[in-house]
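> Structure below; questions to follow.
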Amino acid sequence: MKNEITSEMLRSLNAELETLATTNKPSASSSCLTTTPPIFSHLASKQQVPETMEEVAKLKSALVVLSPDALRGQGKLYEPGDLGSSSNYWLMVVWAVASLNWICGKEIVRQWSLGSTRYTEEGFDDAWYAYDHSRPNAIGIGSLYRLARDNGWQPVTTASAVQPLSADATRYKVLSPAAIHALPPQQWRVKHVLPTNGLAALFGPSGSGKSFLALDMASCISKGTSWFGSRVSQAPVLYVMLEGEGAIRNRIAAYEKAHGPLPTDSFGVITQ
């Protein structure tokens with residue numbers, strides 16, 4: 001047997017790698033970037049473009065100017081008879097991304113392809129696995145970027161691709177000791193329990209009565225009556241109840257049976 005790697009071996013290996021990636025698929029909020037290059041990436045990808053945040057951002061920005069509704073085409077940048085880059089480029093785009101051999105590549109171009117009304121999973125997979133890295137003059141990522149430029153795309157720079165988080169000088173203020181002493185005293189909606197401005201959390205084990213306790217506090221604030229002996233500053237209340245309309249209906253009915261009707265002008269509920 002000759003000591004060589006065939007295109008069939010590469011496709012088989014890629015299929016195994018994708019199976020492993022699916023088995024250990026990250027959550028939707030996780031990054032799909034990796035610092036470890038895919039196996040045989042130096043053989044499978046002629047471009048050898050690193051899978052970094054900058055390069056991923058560059059690819060996604062190029063795809064924005066390309067229509068997933070473009071006809072399939074023959075997987076070429078220039079089709080016979082075209083004066084410029086092809087307008088039938090869907091397959092070429094898929095193959096160009098496949099040439100990168102990125103872990104994220106298939107999902108990126110799949111999400112782009114989903115924008116077409118003609119999209120099918122079977123058709124996309126057939127196109128993806130039909131790419132042959134060993135084919136002479138195989139499509140690479142450069143062809144995709146050339147096509148994007150022909151459609152008005154301007155490459156993103158490293159600086160604009162990933163903007164680091166920075167403090168907003170108008171939002172964050174450094175206070176001197178004298179400025180701290182000059183601050184107004186804390187204002188309370190429910191004295192020593194709930195501030196007039198700010199956030200507070202009510203927590204406890206499931207079934208411990210948190211919802212009824214919050215409802216009671218909301219009722220007292222809307223009426224301006226004391227809550228467990230603590231003075232209350234009256235204010236309108238909007239209670240956001242995300243457990244469904246049925247649950248809040250029963251709780252409101254039980255509460256009003258024990259404490260009287262809630263005010264209709266200063267107490268409201270959102271259940272969505």
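Lettering and numbering for the structure tokens are positional, with chains as A, B, ... in the shown order, residues counted from 1 in each chain, and ligands counted from 1 in the shown order.
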Report as a PyMOL selection string: the residues of segment 123-254 of chain A with a DSSP assignment of strand (DSSP E or B), based on the backbone of this structure.
chain A and resi 188-190+194-195+227+230+232+237-240
> Just the selected residues (N, CA and C atoms), exported as a compact mmCIF listing (two decimals), in the first residue's frame, please.

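Below is the file out_13.txt, written as the result:
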```txt
# COMPACT_ATOMS: atom_id res chain seq x y z
N TRP A 188 -35.32 54.43 50.76
CA TRP A 188 -35.91 53.09 50.83
C TRP A 188 -37.34 53.08 50.30
N ARG A 189 -37.66 52.07 49.51
CA ARG A 189 -39.06 51.82 49.13
C ARG A 189 -39.73 51.06 50.27
N VAL A 190 -39.04 50.02 50.77
CA VAL A 190 -39.44 49.35 52.01
C VAL A 190 -38.23 49.47 52.93
N LEU A 194 -35.94 47.10 50.76
CA LEU A 194 -35.92 47.31 49.32
C LEU A 194 -35.57 48.76 49.03
N PRO A 195 -34.44 49.03 48.34
CA PRO A 195 -34.05 50.42 48.06
C PRO A 195 -34.96 51.06 47.03
N TRP A 227 -45.04 47.00 55.67
CA TRP A 227 -44.83 45.59 55.34
C TRP A 227 -44.04 44.95 56.46
N SER A 230 -42.26 47.36 58.60
CA SER A 230 -41.31 48.27 57.95
C SER A 230 -42.08 49.33 57.16
N VAL A 232 -43.22 51.86 54.36
CA VAL A 232 -43.24 51.72 52.91
C VAL A 232 -43.51 53.06 52.26
N VAL A 237 -46.75 49.53 41.10
CA VAL A 237 -46.01 48.27 41.02
C VAL A 237 -46.40 47.52 39.75
N LEU A 238 -45.39 47.02 39.05
CA LEU A 238 -45.61 46.13 37.91
C LEU A 238 -44.98 44.79 38.28
N TYR A 239 -45.82 43.79 38.48
CA TYR A 239 -45.38 42.47 38.91
C TYR A 239 -45.24 41.59 37.67
N VAL A 240 -44.01 41.16 37.37
CA VAL A 240 -43.75 40.32 36.20
C VAL A 240 -43.78 38.87 36.64
```
> Please, which residues in segment 136-250 of chain A fall within 12 Å of segment 84-100 of chain A when counting only C-alpha atoms, and what is the closest atom pair and distance in Å to one decimal for each, ordered by chain then residue number, as a tab-separated table?

```
residue	atom	partner	partner_atom	distance
A:Asn137	CA	A:Ser99	CA	11.6
A:Ala138	CA	A:Ser99	CA	8.4
A:Ile139	CA	A:Ala96	CA	5.6
A:Gly140	CA	A:Ala96	CA	4.7
A:Ile141	CA	A:Ala96	CA	4.6
A:Gly142	CA	A:Ala96	CA	7.7
A:Ser143	CA	A:Ala96	CA	7.0
A:Leu144	CA	A:Val93	CA	5.9
A:Tyr145	CA	A:Ala96	CA	9.2
A:Arg146	CA	A:Ser85	CA	8.2
A:Leu147	CA	A:Ser85	CA	6.1
A:Ala148	CA	A:Ser85	CA	9.6
A:Arg149	CA	A:Ser85	CA	10.0
A:Asp150	CA	A:Ser85	CA	7.3
A:Asn151	CA	A:Ser85	CA	9.4
```
> Pick out the closest residue to Ala218 of chain A from this set: A:Asn197, A:Ser113, A:Ser266, A:Gln186. Count only C-alpha atoms.
A:Ser266
